[in-house]
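Dumped protein_27.txt below, it's compact mmCIF, C-alpha atoms:
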```txt
# COMPACT_ATOMS: atom_id res chain seq x y z
CA MET A 1 120.63 -168.32 -131.37
CA LYS A 2 122.31 -167.77 -134.73
CA ASN A 3 119.49 -169.59 -136.50
CA ARG A 4 116.92 -167.34 -134.83
CA ILE A 5 118.76 -164.22 -135.95
CA MET A 6 119.03 -165.53 -139.50
CA GLU A 7 115.33 -166.38 -139.48
CA LYS A 8 114.42 -162.85 -138.39
CA LEU A 9 116.65 -161.34 -141.04
CA LYS A 10 115.06 -163.61 -143.62
CA ASN A 11 111.61 -162.36 -142.58
CA LEU A 12 112.76 -158.77 -143.12
CA ILE A 13 113.85 -159.37 -146.72
CA PRO A 14 110.35 -158.78 -148.21
CA HIS A 15 110.12 -155.44 -146.39
CA PHE A 16 113.53 -154.36 -147.68
CA ILE A 17 112.40 -155.24 -151.20
CA VAL A 18 109.28 -153.11 -150.73
CA LEU A 19 111.36 -150.19 -149.44
CA LEU A 20 113.64 -150.49 -152.45
CA LEU A 21 110.54 -150.42 -154.66
CA PHE A 22 109.36 -147.24 -152.90
CA ILE A 23 112.73 -145.58 -153.52
CA VAL A 24 112.60 -146.48 -157.20
CA ILE A 25 109.02 -145.22 -157.52
CA SER A 26 109.89 -141.93 -155.82
CA PHE A 27 112.83 -141.22 -158.10
CA ILE A 28 111.08 -142.37 -161.28
CA TYR A 29 108.04 -140.20 -160.64
CA PHE A 30 110.17 -137.17 -159.82
CA SER A 31 113.00 -138.03 -162.22
CA PRO A 32 113.63 -134.36 -163.20
CA ILE A 33 115.32 -133.84 -159.82
CA LEU A 34 118.10 -136.13 -161.09
CA GLU A 35 118.78 -133.44 -163.69
CA GLY A 36 119.03 -130.76 -161.02
CA LYS A 37 115.53 -129.42 -161.64
CA LYS A 38 113.22 -128.24 -158.87
CA LEU A 39 109.45 -128.14 -158.50
CA ASP A 40 108.21 -124.61 -159.25
CA THR A 41 105.75 -123.91 -156.42
CA HIS A 42 103.98 -120.67 -155.58
CA ASP A 43 104.05 -120.97 -151.79
CA VAL A 44 107.74 -121.84 -151.67
CA LYS A 45 108.63 -118.81 -153.79
CA THR A 46 106.56 -116.45 -151.65
CA TRP A 47 108.13 -117.95 -148.51
CA GLN A 48 111.61 -117.43 -149.93
CA GLY A 49 110.82 -113.78 -150.53
CA GLY A 50 109.19 -113.28 -147.16
CA SER A 51 112.00 -114.97 -145.25
CA LYS A 52 114.96 -113.37 -147.05
CA GLU A 53 115.41 -110.53 -144.55
CA ILE A 54 115.34 -113.03 -141.68
CA LYS A 55 117.85 -115.35 -143.37
CA ASP A 56 120.19 -112.48 -144.20
CA PHE A 57 120.13 -111.37 -140.57
CA ARG A 58 120.86 -114.94 -139.44
CA GLU A 59 123.82 -115.25 -141.80
CA GLU A 60 125.25 -111.88 -140.75
CA THR A 61 124.84 -112.18 -136.98
CA GLY A 62 124.33 -115.88 -136.26
CA GLU A 63 121.24 -114.93 -134.25
CA GLU A 64 117.54 -115.37 -134.80
CA ALA A 65 115.42 -112.37 -135.79
CA LEU A 66 112.05 -112.47 -134.06
CA TRP A 67 110.59 -109.65 -136.17
CA THR A 68 110.63 -108.88 -139.88
CA ASN A 69 109.65 -105.78 -141.83
CA SER A 70 109.38 -107.59 -145.16
CA MET A 71 105.87 -108.93 -144.53
CA PHE A 72 102.93 -106.52 -144.47
CA ALA A 73 103.74 -103.66 -142.07
CA GLY A 74 105.93 -106.00 -140.05
CA MET A 75 105.13 -109.19 -138.19
CA PRO A 76 106.73 -111.79 -135.89
CA ALA A 77 109.44 -113.76 -137.66
CA TYR A 78 108.77 -116.97 -135.77
CA GLN A 79 105.82 -117.66 -138.05
CA ILE A 80 108.03 -117.41 -141.13
CA SER A 81 111.57 -118.64 -140.52
CA THR A 82 112.91 -119.30 -137.05
CA GLU A 83 115.43 -122.07 -136.37
CA TYR A 84 115.12 -123.87 -133.05
CA ARG A 85 118.65 -125.21 -132.88
CA GLY A 86 118.07 -127.27 -129.76
CA ASN A 87 115.51 -129.39 -131.61
CA LYS A 88 117.29 -132.21 -133.45
CA LEU A 89 114.19 -133.94 -134.80
CA ASN A 90 115.05 -132.80 -138.30
CA TYR A 91 117.85 -135.38 -138.37
CA ILE A 92 115.34 -138.16 -137.69
CA SER A 93 113.08 -136.78 -140.42
CA ILE A 94 115.97 -136.76 -142.90
CA LEU A 95 116.91 -140.31 -141.87
CA LEU A 96 113.38 -141.60 -142.46
CA SER A 97 113.38 -140.14 -145.96
CA LEU A 98 116.92 -141.48 -146.56
CA GLY A 99 118.22 -137.99 -147.24
CA MET A 100 116.35 -137.85 -150.54
CA PRO A 101 115.71 -134.43 -152.11
CA ARG A 102 112.24 -132.93 -152.17
CA PRO A 103 109.68 -133.71 -153.44
CA ALA A 104 110.85 -137.32 -153.85
CA SER A 105 111.47 -137.46 -150.10
CA LEU A 106 107.85 -136.55 -149.39
CA LEU A 107 106.52 -139.19 -151.77
CA PHE A 108 108.77 -141.76 -150.09
CA LEU A 109 107.50 -140.62 -146.68
CA TYR A 110 103.89 -141.09 -147.84
CA LEU A 111 104.72 -144.61 -149.02
CA LEU A 112 106.78 -145.63 -146.00
CA SER A 113 104.42 -144.27 -143.37
CA PHE A 114 101.27 -145.89 -144.74
CA TYR A 115 103.11 -149.14 -145.37
CA ILE A 116 104.14 -149.22 -141.70
CA LEU A 117 100.53 -148.62 -140.67
CA LEU A 118 99.17 -151.46 -142.80
CA VAL A 119 101.90 -153.88 -141.72
CA SER A 120 101.18 -153.00 -138.08
CA LEU A 121 97.56 -153.95 -138.79
CA GLN A 122 98.90 -157.36 -139.84
CA VAL A 123 98.07 -156.88 -143.50
CA ASP A 124 100.16 -158.99 -145.90
CA TYR A 125 103.23 -157.07 -147.02
CA ARG A 126 102.21 -157.27 -150.68
CA LEU A 127 98.78 -155.80 -150.00
CA SER A 128 100.41 -153.28 -147.68
CA ALA A 129 102.66 -152.14 -150.54
CA VAL A 130 99.66 -151.76 -152.85
CA GLY A 131 97.75 -149.86 -150.17
CA ALA A 132 100.72 -147.57 -149.52
CA ILE A 133 100.99 -146.77 -153.23
CA ALA A 134 97.24 -146.05 -153.40
CA PHE A 135 97.54 -143.71 -150.41
CA ALA A 136 100.67 -141.96 -151.63
CA PHE A 137 99.24 -141.32 -155.08
CA SER A 138 96.02 -139.79 -153.78
CA SER A 139 95.39 -136.72 -155.92
CA TYR A 140 95.28 -134.29 -152.98
CA LEU A 141 98.71 -135.33 -151.74
CA PHE A 142 100.16 -134.22 -155.08
CA ILE A 143 98.05 -131.08 -155.27
CA ILE A 144 99.61 -129.79 -152.05
CA LEU A 145 103.10 -130.59 -153.36
CA GLU A 146 102.45 -128.62 -156.54
CA ALA A 147 101.12 -125.72 -154.46
CA GLY A 148 104.18 -125.79 -152.22
CA HIS A 149 102.41 -126.80 -149.01
CA MET A 150 105.48 -128.68 -147.83
CA THR A 151 104.75 -128.47 -144.10
CA LYS A 152 101.28 -129.92 -144.68
CA ALA A 153 102.79 -132.73 -146.76
CA HIS A 154 105.28 -133.50 -143.99
CA ALA A 155 102.55 -133.50 -141.35
CA ILE A 156 100.34 -135.84 -143.39
CA GLY A 157 103.33 -138.08 -144.07
CA PHE A 158 103.95 -138.69 -140.38
CA LEU A 159 100.25 -139.15 -139.53
CA PRO A 160 99.98 -142.90 -140.33
CA MET A 161 103.12 -143.56 -138.25
CA VAL A 162 101.49 -141.96 -135.23
CA VAL A 163 98.35 -144.06 -135.66
CA SER A 164 100.37 -147.27 -135.97
CA SER A 165 102.36 -146.41 -132.82
CA VAL A 166 99.17 -145.78 -130.85
CA LEU A 167 97.61 -149.04 -132.02
CA TYR A 168 100.83 -150.87 -131.15
CA THR A 169 100.62 -149.49 -127.61
CA TYR A 170 97.00 -150.55 -127.21
CA ARG A 171 97.99 -154.08 -128.20
CA GLY A 172 100.07 -154.33 -125.04
CA LYS A 173 103.52 -153.31 -126.29
CA ILE A 174 103.51 -150.47 -123.78
CA LEU A 175 107.20 -149.56 -123.54
CA LEU A 176 108.09 -149.78 -127.23
CA GLY A 177 104.72 -148.38 -128.28
CA GLY A 178 105.08 -145.45 -125.91
CA VAL A 179 108.56 -144.64 -127.21
CA LEU A 180 107.44 -144.88 -130.84
CA THR A 181 104.40 -142.72 -130.09
CA ALA A 182 106.57 -140.06 -128.48
CA ILE A 183 108.95 -140.00 -131.46
CA THR A 184 106.28 -140.01 -134.17
CA VAL A 185 104.10 -137.40 -132.44
CA ALA A 186 107.18 -135.22 -131.96
CA LEU A 187 107.95 -135.52 -135.68
CA GLN A 188 104.36 -134.77 -136.62
CA ILE A 189 104.27 -131.62 -134.49
CA TYR A 190 107.74 -130.63 -135.71
CA ALA A 191 106.36 -130.63 -139.26
CA ASN A 192 104.57 -127.47 -138.09
CA HIS A 193 101.11 -127.79 -139.59
CA LEU A 194 98.72 -127.66 -136.65
CA GLN A 195 95.65 -128.10 -138.83
CA ILE A 196 96.76 -131.64 -139.69
CA THR A 197 97.78 -132.21 -136.06
CA TYR A 198 94.23 -131.24 -135.06
CA TYR A 199 92.78 -133.74 -137.54
CA LEU A 200 95.14 -136.37 -136.14
CA LEU A 201 93.91 -135.64 -132.63
CA LEU A 202 90.31 -136.20 -133.75
CA MET A 203 91.32 -139.55 -135.25
CA LEU A 204 93.09 -140.61 -132.06
CA ILE A 205 90.08 -139.65 -129.94
CA ILE A 206 87.90 -141.92 -132.09
CA ILE A 207 90.46 -144.73 -131.80
CA GLY A 208 90.51 -144.21 -128.03
CA ILE A 209 86.71 -144.39 -127.79
CA VAL A 210 86.60 -147.59 -129.85
CA GLN A 211 89.34 -149.14 -127.70
CA PHE A 212 87.52 -148.08 -124.53
CA VAL A 213 84.29 -149.78 -125.63
CA LYS A 214 86.23 -152.88 -126.64
CA ASP A 215 88.03 -153.10 -123.29
CA LEU A 216 84.85 -152.29 -121.38
CA ARG A 217 83.11 -155.27 -122.95
CA ALA A 218 86.14 -157.44 -122.19
CA ASN A 219 86.25 -156.18 -118.58
CA ASN A 220 89.77 -154.93 -119.22
CA LEU A 221 89.56 -151.25 -118.28
CA PHE A 222 92.68 -151.35 -116.08
CA ASP A 223 94.87 -152.11 -119.09
CA PHE A 224 93.03 -149.49 -121.14
CA PHE A 225 93.72 -146.70 -118.66
CA LYS A 226 97.31 -147.86 -118.17
CA ARG A 227 98.02 -147.82 -121.91
CA THR A 228 96.15 -144.55 -122.41
CA SER A 229 98.20 -142.97 -119.62
CA VAL A 230 101.39 -144.03 -121.37
CA LEU A 231 100.13 -142.47 -124.61
CA ILE A 232 99.23 -139.21 -122.87
CA ILE A 233 102.68 -139.03 -121.26
CA ALA A 234 104.26 -139.75 -124.65
CA ALA A 235 102.21 -136.96 -126.25
CA ILE A 236 103.19 -134.49 -123.52
CA LEU A 237 106.88 -135.32 -123.93
CA ALA A 238 106.54 -135.05 -127.71
CA SER A 239 104.85 -131.66 -127.44
CA GLY A 240 107.65 -130.48 -125.18
CA THR A 241 110.17 -130.89 -128.00
CA SER A 242 108.37 -128.14 -129.92
CA PHE A 243 107.24 -126.09 -126.92
CA SER A 244 108.85 -122.86 -128.17
CA ARG A 245 107.08 -123.09 -131.51
CA LEU A 246 103.74 -124.03 -129.95
CA ALA A 247 103.94 -121.30 -127.29
CA THR A 248 104.74 -118.54 -129.77
CA THR A 249 102.00 -119.75 -132.11
CA MET A 250 99.49 -119.68 -129.26
CA GLU A 251 100.59 -116.16 -128.32
CA TYR A 252 100.51 -114.95 -131.92
CA GLY A 253 97.11 -116.49 -132.59
CA LYS A 254 95.40 -114.07 -130.20
CA ASP A 255 96.41 -111.10 -132.36
CA SER A 256 96.15 -112.64 -135.81
CA THR A 257 93.22 -112.83 -138.21
CA ARG A 258 92.83 -116.37 -136.91
CA GLY A 259 92.32 -115.16 -133.35
CA LYS A 260 89.39 -115.85 -131.07
CA SER A 261 86.22 -117.33 -132.48
CA GLU A 262 83.57 -115.01 -133.91
CA LEU A 263 80.84 -117.47 -132.93
CA LYS A 264 78.46 -116.31 -130.22
CA ASP A 265 76.22 -118.34 -128.00
CA GLU A 266 72.50 -117.76 -127.66
CA LEU A 267 72.31 -117.89 -123.88
CA ASP A 268 70.87 -114.36 -123.66
CA ASN A 269 68.08 -115.40 -125.99
CA LYS A 270 67.04 -118.34 -123.85
CA THR A 271 63.94 -118.46 -121.65
CA THR A 272 62.43 -121.28 -119.69
CA GLY A 273 60.56 -122.29 -122.82
CA LEU A 274 61.19 -121.70 -126.51
CA ASP A 275 63.67 -119.13 -127.82
CA LYS A 276 62.31 -115.60 -128.23
CA ASP A 277 63.12 -115.75 -131.95
CA TYR A 278 60.68 -118.63 -132.28
CA ALA A 279 57.82 -116.17 -131.68
CA THR A 280 58.27 -114.77 -135.18
```
Please go through the file and, once you have read it, give me the structure as C-alpha cells.
Amino acid sequence: MKNRIMEKLKNLIPHFIVLLLFIVISFIYFSPILEGKKLDTHDVKTWQGGSKEIKDFREETGEEALWTNSMFAGMPAYQISTEYRGNKLNYISILLSLGMPRPASLLFLYLLSFYILLVSLQVDYRLSAVGAIAFAFSSYLFIILEAGHMTKAHAIGFLPMVVSSVLYTYRGKILLGGVLTAITVALQIYANHLQITYYLLLMLIIIGIVQFVKDLRANNLFDFFKRTSVLIIAAILASGTSFSRLATTMEYGKDSTRGKSELKDELDNKTTGLDKDYAT
C-alpha cells in the first residue's frame, strides 16, 4: 500500500515541476508587479469610474445598489458591480491561480488550464507544457489583457478545463467527470463573459456530435446517453450557481442595445415557387 502511494507521488513530480515552471514564467513575464506596479488598462479604468457610486453605497450601507446614476442617464447596477455573496466560487478561482496578483494570475490560468487539457488527452507532459506555453502566449490573449478585458480572459482561461472535464466524462469516468464538469462550468460562467460561454457551448456541441457518431458506430449509444445526461445535469447545477446573474442579464438584454435580433425572415415573400424578388 505504501509503495503504491509512493509510486503515485513519484508520478506527480513531473507535473509539479511543470507547475513551478508556469509560476516562474508568469512572474518573470509580469515582473513589474513585484515592484508594486499595475497594468494600465482602459477598460479597467472606465469600470472603476463607472462603479464608484455603487462601491461607495456598498461601503456606506453594506447593501447592494441595483441602480446607478453614474452611467449614461442611469442604468441597472448589476451589469457593472454587484456582489453575489452567496456564491463562493471566487475562492476556487483564487485557489487555482494560487492567489497570484493580476495579470500574472491570468497568465498562470492560461498555462494551467491548457496543460490540464493536453494531459487529459494523454499527451506527454513535456509536450503538454510546450503546448500550454504556446496557447498562453497567443497574441490575442495578451491583447485582451492590455485592453483590460479581464472577464473575457478569465472565461477563456477556464474553457480548456471544461473541455477536459467533458472528455473525461465521455471516457467513462462518470462520477468524477460529472463533478469536475459541474465545477469548471460553474467557474466559467462565474467569469461572467457570456460571449465566450457561447463559443464554449458550440465547441461542446461539436464534441457531443463526434462522440455520438463514434458510439453509434460502436453500438454503444446507451453509454453515450448516460454520460451526456450526467453532463447536462452538471451544466444545469453549474448554471444554478450563477442564476441571479444570468436571470438579470436575460431581463436586461430585452431593453438594451443588444436586445432582440433585427433579422427578419422572408416568409411573407415566399410563394409556392420562386421568391417574388427573383422576378426582377
For atom CA of A:Thr228 and atom CA of A:Ala186, determine how far apart the two atoms are, in Å to one decimal place.
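So the answer is 17.3 Å.
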Here is a test: counting only C-alpha atoms, which residue of A:Gly99, A:Gly240, A:Pro160, A:Gly178 is nearest to A:Leu112?
A:Pro160
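Distances from A:Arg102, A:Lys45, A:Lys10, A:Lys55 to A:Phe27 were compared using only C-alpha atoms, and the smallest one belongs to A:Arg102.
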Measuring atom to atom with only C-alpha atoms, identify which of A:Ser164, A:Ser31, A:Thr68, A:Asn11 is nearest to A:Tyr115.
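Result for the nearest residue to A:Tyr115: A:Ser164.
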Spatial sel., origin (104.7, -140.7, -149.5), limit 10 Å, all atoms listed in the file, listed as a ChimeraX atom specification:
/A:22,26,97,103-115,132-138,141-142,153-154,156-158
Given the choices A:Glu53, A:Lys8, A:Val179, A:Thr61, which gets closest to A:Ile232 if the distance is worked out from all atoms listed in the file?
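So, comparing all the options, the nearest one is A:Val179.
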Using all atoms listed in the file, which protein or nucleic acid residues come within 10 Å of A:Ser244? Drop anything in the same chain fewer than 6 positions from it, and give the result as a PDB file with C-alpha atoms, in the coordinates of the input.
```
ATOM      1  CA  TYR A  78     108.770-116.970-135.770  1.00  0.00           C
ATOM      2  CA  TYR A  84     115.120-123.870-133.050  1.00  0.00           C
ATOM      3  CA  ASN A  87     115.510-129.390-131.610  1.00  0.00           C
ATOM      4  CA  MET A 250      99.490-119.680-129.260  1.00  0.00           C
TER       5      MET A 250
END
```
Leaving out A:Met71 and any residue of its chain fewer than 4 positions from it, which residues lie within 12 Å of it when counting only C-alpha atoms, given as number ranges by chain?
A: 46-54, 67, 75-77, 79-81
Report the distance between atom CA of A:Thr41 and atom CA of A:Ala147 in Å, rounded to one decimal place.
5.3 Å
Kindly give the distance, in Å, that separates atom CA of A:Ser70 and atom CA of A:Leu246, rounded to a single decimal.
23.1 Å
Between A:Ser139, A:Asn69, A:Asn219, A:Asn192, which residue has the minimum interatomic distance to A:Arg245, considering only C-alpha atoms?
A:Asn192
From the list A:Glu63, A:Glu146, A:Asp124, A:Asp56, which residue is nearest A:Leu39 when using all atoms listed in the file?
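Ranked by minimum distance to A:Leu39, first place goes to A:Glu146.
Those residues that approach A:Leu200 to within 12 Å, counting only C-alpha atoms, are Ala155, Ile156, Gly157, Phe158, Leu159, Pro160, Met161, Val162, Val163, Val166, Thr184, Val185, Gln188, Ile189, His193, Leu194, Gln195, Ile196, Thr197, Met203, Leu204, Ile205, Ile206 and Ile207 of chain A; same-chain residues fewer than 3 positions away are not listed.
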Based on the selection just made, write C-alpha atoms of those residues as an mmCIF file, in the frame of the given file.
```cif
data_model
loop_
_atom_site.group_PDB
_atom_site.id
_atom_site.type_symbol
_atom_site.label_atom_id
_atom_site.label_comp_id
_atom_site.auth_asym_id
_atom_site.auth_seq_id
_atom_site.Cartn_x
_atom_site.Cartn_y
_atom_site.Cartn_z
ATOM 1 C CA ALA A 155 102.550 -133.500 -141.350
ATOM 2 C CA ILE A 156 100.340 -135.840 -143.390
ATOM 3 C CA GLY A 157 103.330 -138.080 -144.070
ATOM 4 C CA PHE A 158 103.950 -138.690 -140.380
ATOM 5 C CA LEU A 159 100.250 -139.150 -139.530
ATOM 6 C CA PRO A 160 99.980 -142.900 -140.330
ATOM 7 C CA MET A 161 103.120 -143.560 -138.250
ATOM 8 C CA VAL A 162 101.490 -141.960 -135.230
ATOM 9 C CA VAL A 163 98.350 -144.060 -135.660
ATOM 10 C CA VAL A 166 99.170 -145.780 -130.850
ATOM 11 C CA THR A 184 106.280 -140.010 -134.170
ATOM 12 C CA VAL A 185 104.100 -137.400 -132.440
ATOM 13 C CA GLN A 188 104.360 -134.770 -136.620
ATOM 14 C CA ILE A 189 104.270 -131.620 -134.490
ATOM 15 C CA HIS A 193 101.110 -127.790 -139.590
ATOM 16 C CA LEU A 194 98.720 -127.660 -136.650
ATOM 17 C CA GLN A 195 95.650 -128.100 -138.830
ATOM 18 C CA ILE A 196 96.760 -131.640 -139.690
ATOM 19 C CA THR A 197 97.780 -132.210 -136.060
ATOM 20 C CA MET A 203 91.320 -139.550 -135.250
ATOM 21 C CA LEU A 204 93.090 -140.610 -132.060
ATOM 22 C CA ILE A 205 90.080 -139.650 -129.940
ATOM 23 C CA ILE A 206 87.900 -141.920 -132.090
ATOM 24 C CA ILE A 207 90.460 -144.730 -131.800
#
```
